[in-house]
>>> print(open('model.txt').read())   # compact mmCIF, C-alpha atoms
# COMPACT_ATOMS: atom_id res chain seq x y z
CA GLY V 166 52.87 -3.35 3.81
CA LEU V 167 52.99 -3.31 7.58
CA GLN V 168 56.28 -1.39 7.70
CA VAL V 169 54.88 1.46 5.61
CA ARG V 170 51.62 1.62 7.56
CA VAL V 171 53.46 1.79 10.88
CA GLU V 172 55.78 4.54 9.62
CA GLN V 173 52.80 6.57 8.38
CA THR V 174 50.74 6.12 11.56
CA LEU V 175 53.26 5.93 14.40
CA ASP V 176 53.27 9.64 15.25
CA THR V 177 49.48 9.62 15.62
CA LEU V 178 49.48 6.82 18.19
CA GLY V 179 49.74 7.17 21.95
CA PRO V 180 52.52 5.52 23.98
CA THR V 181 50.68 2.20 24.27
CA GLY V 182 49.74 2.18 20.60
CA ARG V 183 53.38 2.82 19.68
CA ARG V 184 54.46 -0.13 21.82
CA VAL V 185 51.95 -2.34 20.03
CA ALA V 186 53.04 -1.12 16.59
CA THR V 187 56.68 -1.68 17.47
CA ALA V 188 55.90 -5.19 18.69
CA LEU V 189 54.00 -5.96 15.48
CA LEU V 190 57.05 -4.98 13.41
CA ALA V 191 59.52 -6.80 15.64
CA GLU V 192 57.50 -10.02 15.57
CA ALA V 193 56.19 -9.81 11.99
CA ASP V 194 57.83 -13.10 11.05
CA ARG V 195 55.67 -15.04 13.50
CA LEU V 196 52.53 -12.97 13.96
CA GLY V 197 50.56 -15.69 12.21
CA PHE V 198 51.08 -17.88 15.28
CA LEU V 199 50.28 -15.27 17.94
CA THR V 200 46.95 -14.31 19.49
CA ALA V 201 45.97 -10.74 20.33
CA ALA V 202 46.54 -11.56 24.00
CA GLN V 203 50.08 -12.79 23.30
CA ILE V 204 50.87 -9.68 21.30
CA GLY V 205 49.45 -7.65 24.18
CA GLY V 206 51.84 -9.46 26.51
CA LEU V 207 54.75 -8.39 24.34
CA ALA V 208 53.59 -4.77 24.50
CA ASP V 209 52.40 -4.84 28.12
CA THR V 210 48.80 -4.06 27.22
CA THR V 211 45.45 -5.76 26.60
CA ASP V 212 44.24 -7.73 23.61
CA ALA V 213 41.55 -5.10 23.00
CA THR V 214 44.20 -2.39 22.69
CA VAL V 215 46.12 -4.58 20.25
CA VAL V 216 43.05 -4.94 18.04
CA ARG V 217 42.31 -1.20 18.19
CA THR V 218 45.89 -0.38 17.22
CA ILE V 219 45.76 -2.82 14.31
CA GLN V 220 42.59 -1.10 13.13
CA ARG V 221 44.32 2.29 13.43
CA LEU V 222 46.93 0.89 11.05
CA GLY V 223 44.20 0.34 8.47
CA TYR V 224 43.45 -3.36 8.93
CA ARG V 225 40.00 -4.70 9.77
CA GLY V 226 41.46 -6.74 12.60
CA LEU V 227 44.17 -9.24 13.52
CA ALA V 228 42.97 -11.83 11.00
CA ASP V 229 43.15 -9.24 8.22
CA LEU V 230 46.68 -8.28 9.27
CA LYS V 231 47.74 -11.94 9.24
CA ARG V 232 46.32 -12.42 5.73
CA SER V 233 48.16 -9.33 4.52
CA LEU V 234 51.44 -10.53 6.05
CA LEU V 235 51.00 -13.93 4.44
CA VAL V 236 50.86 -12.24 1.04
CA GLU V 237 53.99 -10.23 1.92
CA LEU V 238 55.83 -13.35 3.04
CA THR V 239 55.11 -15.17 -0.21
CA THR V 240 55.96 -12.36 -2.63
CA GLY V 241 58.72 -9.85 -3.26
CA ASP V 242 61.63 -8.98 -1.02
CA VAL V 243 60.14 -10.44 2.13
CA ALA V 244 60.01 -13.93 0.63
CA SER V 245 63.67 -13.66 -0.37
CA ARG V 246 64.65 -13.48 3.30
CA PHE V 247 63.33 -17.00 3.77
CA ALA V 248 64.76 -18.58 0.61
CA TYR V 249 67.89 -20.60 1.12
CA GLY V 250 69.69 -23.53 -0.38
CA ASP V 251 72.82 -24.27 -2.34
CA ASP V 252 71.49 -22.26 -5.30
CA HIS V 253 71.09 -19.07 -3.24
CA GLU V 254 74.51 -17.43 -3.10
CA GLY V 255 76.04 -20.60 -1.73
CA HIS V 256 73.87 -20.59 1.38
CA SER V 257 73.05 -23.95 2.92
CA ALA V 258 70.76 -24.98 5.77
CA ILE V 259 73.77 -24.68 8.07
CA ASP V 260 74.47 -21.12 6.92
CA GLN V 261 70.84 -20.14 7.34
CA HIS V 262 70.52 -21.63 10.81
CA LEU V 263 73.71 -19.91 11.96
CA ALA V 264 72.35 -16.64 10.58
CA ASP V 265 69.04 -17.18 12.40
CA ALA V 266 70.88 -17.92 15.66
CA ALA V 267 73.09 -14.85 15.29
CA SER V 268 70.03 -12.69 14.60
CA ALA V 269 68.22 -14.07 17.65
CA VAL V 270 71.23 -13.36 19.88
CA GLY V 271 71.62 -9.92 18.34
CA ARG V 272 68.08 -9.01 19.44
CA LEU V 273 69.24 -9.31 23.06
CA GLN V 274 71.23 -6.12 22.58
CA ARG V 275 68.09 -4.05 22.12
CA PRO V 276 67.99 -1.60 25.03
CA GLU V 277 64.74 -2.91 26.49
CA ILE V 278 65.89 -6.54 26.35
CA ARG V 279 69.37 -5.70 27.64
CA ILE V 280 67.78 -3.97 30.64
CA SER V 281 65.50 -6.95 31.28
CA ILE V 282 68.53 -9.28 31.41
CA GLU V 283 70.18 -7.04 34.00
CA ASN V 284 66.91 -6.91 35.99
CA ALA V 285 66.66 -10.71 35.85
CA ALA V 286 70.19 -11.08 37.24
CA ASP V 287 69.47 -8.57 39.99
CA ARG V 288 66.34 -10.51 40.92
CA LEU V 289 68.23 -13.82 41.06
CA HIS V 290 70.98 -12.20 43.12
CA GLU V 291 68.41 -11.63 45.88
CA ALA V 292 67.11 -15.23 45.77
CA ASP V 293 67.49 -17.68 48.65
CA ARG V 294 67.01 -20.50 46.13
CA ILE V 295 66.46 -20.53 42.37
CA VAL V 296 64.11 -23.03 40.73
CA VAL V 297 64.41 -23.29 36.94
CA VAL V 298 61.30 -24.73 35.28
CA ALA V 299 60.97 -25.95 31.69
CA ALA V 300 59.59 -28.70 29.48
CA GLY V 301 60.82 -30.81 26.58
CA PRO V 302 64.14 -29.87 24.92
CA THR V 303 64.16 -26.57 26.81
CA GLY V 304 64.67 -28.68 29.93
CA ALA V 305 68.27 -29.22 28.80
CA VAL V 306 68.73 -25.43 28.71
CA ALA V 307 67.28 -25.24 32.23
CA GLU V 308 69.76 -27.88 33.43
CA TYR V 309 72.60 -25.90 31.85
CA ALA V 310 71.44 -22.69 33.56
CA ALA V 311 71.23 -24.47 36.91
CA ALA V 312 74.73 -25.90 36.47
CA GLN V 313 76.17 -22.47 35.67
CA TRP V 314 74.49 -20.79 38.62
CA GLN V 315 75.41 -23.59 41.03
CA ARG V 316 79.02 -23.30 39.87
CA ILE V 317 79.18 -19.67 41.05
CA GLY V 318 77.62 -20.46 44.42
CA ARG V 319 73.90 -19.96 43.80
CA ASP V 320 71.54 -22.53 45.32
CA THR V 321 69.69 -23.74 42.23
CA ARG V 322 67.55 -26.72 41.30
CA THR V 323 65.46 -27.65 38.28
CA ALA V 324 61.91 -28.84 37.73
CA THR V 325 61.74 -30.27 34.23
CA GLY V 326 60.25 -33.14 32.26
CA PRO V 327 59.15 -34.11 28.74
CA ALA V 328 55.72 -32.61 29.42
CA GLY V 329 56.78 -30.09 32.05
CA PRO V 330 57.27 -30.29 35.82
CA GLY V 331 55.23 -32.74 37.84
CA ALA V 332 52.81 -32.00 40.65
CA ASP V 333 55.50 -32.75 43.24
CA ASP V 334 57.85 -30.24 41.61
CA ILE V 335 55.28 -27.47 41.67
CA ALA V 336 54.14 -28.32 45.21
CA ARG V 337 57.72 -27.94 46.50
CA ILE V 338 58.01 -24.34 45.29
CA ALA V 339 58.25 -22.15 48.39
CA PRO V 340 57.37 -18.46 48.81
CA SER V 341 61.06 -17.76 49.47
CA ASP V 342 62.11 -19.26 46.10
CA THR V 343 62.69 -17.36 42.89
CA VAL V 344 61.28 -19.24 39.90
CA VAL V 345 62.82 -18.99 36.43
CA LEU V 346 60.25 -20.08 33.84
CA MET V 347 61.58 -21.02 30.40
CA ALA V 348 58.78 -21.49 27.86
CA SER V 349 57.68 -20.38 24.43
CA GLY V 350 54.68 -20.41 22.14
CA LYS V 351 51.18 -21.04 23.42
CA PRO V 352 51.01 -21.47 27.22
CA ARG V 353 50.54 -25.14 28.07
CA ARG V 354 48.65 -26.47 31.07
CA TRP V 355 51.79 -26.98 33.15
CA ALA V 356 52.85 -23.38 32.54
CA ARG V 357 49.40 -22.05 33.44
CA THR V 358 49.41 -24.16 36.62
CA LEU V 359 52.86 -22.90 37.53
CA VAL V 360 51.83 -19.28 36.99
CA GLU V 361 48.75 -19.78 39.16
CA THR V 362 50.93 -21.30 41.89
CA VAL V 363 53.59 -18.58 41.94
CA THR V 364 50.89 -15.91 41.87
CA GLU V 365 49.02 -17.45 44.82
CA ARG V 366 52.23 -17.88 46.83
CA ARG V 367 53.66 -14.51 45.74
CA VAL V 368 56.81 -16.17 44.49
CA SER V 369 59.37 -13.93 42.77
CA THR V 370 59.47 -14.86 39.07
CA VAL V 371 61.74 -14.43 36.05
CA VAL V 372 60.47 -15.53 32.62
CA LEU V 373 62.66 -16.30 29.60
CA THR V 374 60.27 -16.50 26.68
CA ASP V 375 59.52 -15.43 23.13
CA SER V 376 55.82 -14.75 23.59
CA LEU V 377 54.36 -15.58 27.02
CA PRO V 378 52.78 -12.63 28.83
CA ALA V 379 54.16 -11.56 32.19
CA PRO V 380 52.61 -13.70 34.96
CA GLY V 381 52.22 -10.62 37.15
CA PRO V 382 53.22 -6.97 37.48
CA ASP V 383 56.36 -7.83 39.49
CA ALA V 384 57.68 -10.52 37.16
CA VAL V 385 60.83 -9.87 35.11
CA VAL V 386 60.38 -10.95 31.48
CA VAL V 387 63.32 -11.47 29.12
CA ARG V 388 62.16 -11.70 25.49
CA SER V 389 64.59 -14.31 24.17
CA GLY V 390 63.39 -15.06 20.64
CA ARG V 391 63.75 -18.41 18.89
CA GLY V 392 64.18 -17.31 15.28
CA PRO V 393 61.73 -17.24 12.33
CA VAL V 394 58.67 -19.44 12.83
CA ASN V 395 58.99 -21.15 9.45
CA ARG V 396 62.39 -22.63 10.27
CA PRO V 397 63.79 -24.83 13.07
CA ALA V 398 63.76 -23.02 16.40
CA THR V 399 67.05 -21.97 17.96
CA HIS V 400 67.84 -21.81 21.69
CA ALA V 401 70.85 -19.60 21.00
CA ALA V 402 69.26 -16.45 22.45
CA THR V 403 68.10 -18.23 25.61
CA LEU V 404 71.55 -19.70 26.15
CA ALA V 405 73.16 -16.31 25.57
CA ALA V 406 70.75 -14.71 28.04
CA VAL V 407 71.57 -17.39 30.62
CA GLU V 408 75.30 -16.78 30.20
CA ALA V 409 74.84 -13.01 30.41
CA ILE V 410 72.87 -13.46 33.64
CA THR V 411 75.64 -15.73 34.95
CA ALA V 412 78.26 -13.09 34.21
CA ARG V 413 76.19 -10.44 35.97
CA LEU V 414 75.64 -12.67 39.04
CA ALA V 415 79.38 -13.29 39.27
CA GLU V 416 79.97 -9.55 39.04
CA LEU V 417 77.43 -8.78 41.77
CA ASP V 418 79.13 -11.06 44.34
CA PRO V 419 82.74 -11.76 43.34
CA ASP V 420 83.66 -13.17 46.76
CA ARG V 421 80.90 -15.78 46.64
CA THR V 422 81.85 -16.63 43.06
CA ALA V 423 85.54 -17.01 43.92
CA ALA V 424 84.79 -19.19 46.95
CA ALA V 425 82.49 -21.45 44.91
CA LEU V 426 85.06 -21.83 42.13
CA ASP V 427 87.76 -22.59 44.71
CA ARG V 428 85.59 -25.40 46.09
CA LEU V 429 85.08 -26.70 42.57
CA THR V 430 88.83 -26.67 41.90
CA ALA V 431 89.56 -28.48 45.18
CA SER V 432 86.98 -31.16 44.33
CA ARG V 433 88.53 -31.67 40.89
CA ARG V 434 91.97 -32.09 42.42
CA ARG V 435 90.72 -34.68 44.89
CA LEU V 436 89.02 -36.60 42.09
CA GLU V 437 92.26 -36.54 40.11
CA GLY V 438 94.21 -37.75 43.14
CA ARG V 439 96.26 -34.59 43.52
>>> encode(input="model.txt", output="structure tokens")
Amino acid sequence: GLQVRVEQTLDTLGPTGRRVATALLAEADRLGFLTAAQIGGLADTTDATVVRTIQRLGYRGLADLKRSLLVELTTGDVASRFAYGDDHEGHSAIDQHLADAASAVGRLQRPEIRISIENAADRLHEADRIVVVAAGPTGAVAEYAAAQWQRIGRDTRTATGPAGPGADDIARIAPSDTVVLMASGKPRRWARTLVETVTERRVSTVVLTDSLPAPGPDAVVVRSGRGPVNRPATHAATLAAVEAITARLAELDPDRTAAALDRLTASRRRLEGR
């Protein structure tokens, strides 16, 4: 299988090839849904390098690798990871989803992802204003992030909608803003338009994603996974990353955080008539 091939070949690959091989293993559960370009984004390289690395591993190409993984996923030990139900050691859909969420959050502790979270917080600490952009259900996560960052004194707004931000939202993004893009899967038109806009205006950017490539060399990308592709997606990792960033922002400027929380407390007391 892929694991064995990577172990046998890893020492013969260069640094970029090793990054690709590592990404292939880390994302094996959902490679069937990724393009070579998306895999390249995960490994900070080109789609051509991804294909060459896959061939070094003994596959004819990405399609051949996907077919091989499909066989692995439907036979033997790999398939057992995806089997759940009341007849599997008492596991239910609830148990499985909680396990998926815990696994997704656990990935954030990988050194490279942990560093990216710290870099994201440092980038937001420098921002005059933060604009959090998302679509669909992820918009609720964006609203939560904005509420947390506003609470500790960071000027934050959102640009969200069922199908992504509108033209007015994107037009209002200023060069002095820092944009936080939350998106996953295949880049949609709104995400491509946003990336084009922030690139043209040289807007500082942080991306929380499972698969989108970095929109530019200066962007900070946090790889917050959403669990196995054959089960309901979880936002647990994105929420955990948001809360970790919040904790780091509070740590970076404790005086601003304290002042903002004091204002919040005073407002609550006035509302309660105290």
>>> atom_distance(input="model.txt", atom1="CA of Ser349 (chain V)", atom2="CA of Ala409 (chain V)")
19.6 Å
>>> residues_around(input="model.txt", residues="Val407 (chain V)", least_positions_apart="2", cutoff="9 Å", atoms="only C-alpha atoms", output="list in words")
Ile282, Val306, Tyr309, Ala310, Gln313, Ala402, Thr403, Leu404, Ala405, Ala409, Ile410, Thr411 and Ala412 of chain V
>>> closest_atom_pairs(input="model.txt", of="region 367-430 of chain V", to="region 208-219 of chain V", cutoff="12 Å", atoms="all atoms listed in the file", output="JSON lines")
{"residue": "V:Ser376", "atom": "CA", "partner": "V:Ala208", "partner_atom": "CA", "distance": 10.3}
{"residue": "V:Leu377", "atom": "CA", "partner": "V:Asp209", "partner_atom": "CA", "distance": 11.0}
{"residue": "V:Pro378", "atom": "CA", "partner": "V:Asp209", "partner_atom": "CA", "distance": 7.8}
{"residue": "V:Ala379", "atom": "CA", "partner": "V:Asp209", "partner_atom": "CA", "distance": 8.1}
{"residue": "V:Pro380", "atom": "CA", "partner": "V:Asp209", "partner_atom": "CA", "distance": 11.2}
{"residue": "V:Gly381", "atom": "CA", "partner": "V:Asp209", "partner_atom": "CA", "distance": 10.7}
{"residue": "V:Pro382", "atom": "CA", "partner": "V:Asp209", "partner_atom": "CA", "distance": 9.6}
{"residue": "V:Ala384", "atom": "CA", "partner": "V:Asp209", "partner_atom": "CA", "distance": 11.9}
{"residue": "V:Val386", "atom": "CA", "partner": "V:Asp209", "partner_atom": "CA", "distance": 10.6}
{"residue": "V:Arg388", "atom": "CA", "partner": "V:Ala208", "partner_atom": "CA", "distance": 11.1}
>>> closest_atom_pairs(input="model.txt", of="region 335-376 of chain V", to="region 322-326 of chain V", cutoff="12 Å", atoms="all atoms listed in the file", output="tab-separated table")
residue	atom	partner	partner_atom	distance
V:Ile335	CA	V:Ala324	CA	7.8
V:Ala336	CA	V:Ala324	CA	10.8
V:Arg337	CA	V:Ala324	CA	9.8
V:Ile338	CA	V:Ala324	CA	9.6
V:Asp342	CA	V:Arg322	CA	10.4
V:Thr343	CA	V:Arg322	CA	10.7
V:Val344	CA	V:Thr323	CA	9.5
V:Val345	CA	V:Thr323	CA	9.2
V:Leu346	CA	V:Ala324	CA	9.7
V:Met347	CA	V:Thr325	CA	10.0
V:Ala348	CA	V:Thr325	CA	11.2
V:Trp355	CA	V:Gly326	CA	10.5
V:Ala356	CA	V:Thr325	CA	11.4
V:Leu359	CA	V:Ala324	CA	10.8
>>> atom_distance(input="model.txt", atom1="CA of Ala299 (chain V)", atom2="CA of Pro327 (chain V)")
8.9 Å
>>> closest_residue(input="model.txt", among="V:Pro419, V:Gly390, V:Gly182, V:Gly329", to="Val297 (chain V)", atoms="all atoms listed in the file")
V:Gly329
>>> closest_residue(input="model.txt", among="V:Arg433, V:Asp427, V:Glu408, V:Ala339", to="Glu365 (chain V)", atoms="only C-alpha atoms")
V:Ala339
>>> atom_distance(input="model.txt", atom1="CA of Gln315 (chain V)", atom2="CA of Ala406 (chain V)")
16.4 Å
>>> closest_residue(input="model.txt", among="V:Arg221, V:Gly271, V:Arg434, V:Glu277", to="Arg183 (chain V)", atoms="all atoms listed in the file")
V:Arg221
>>> residues_around(input="model.txt", residues="Ala424 (chain V)", least_positions_apart="4", cutoff="9 Å", atoms="all atoms listed in the file", output="MDAnalysis selection string")
chainID V and resid 317:318 419:420 428:429
>>> closest_residue(input="model.txt", among="V:Ser389, V:Ser233, V:Gln274, V:Thr303", to="Ala328 (chain V)", atoms="all atoms listed in the file")
V:Thr303
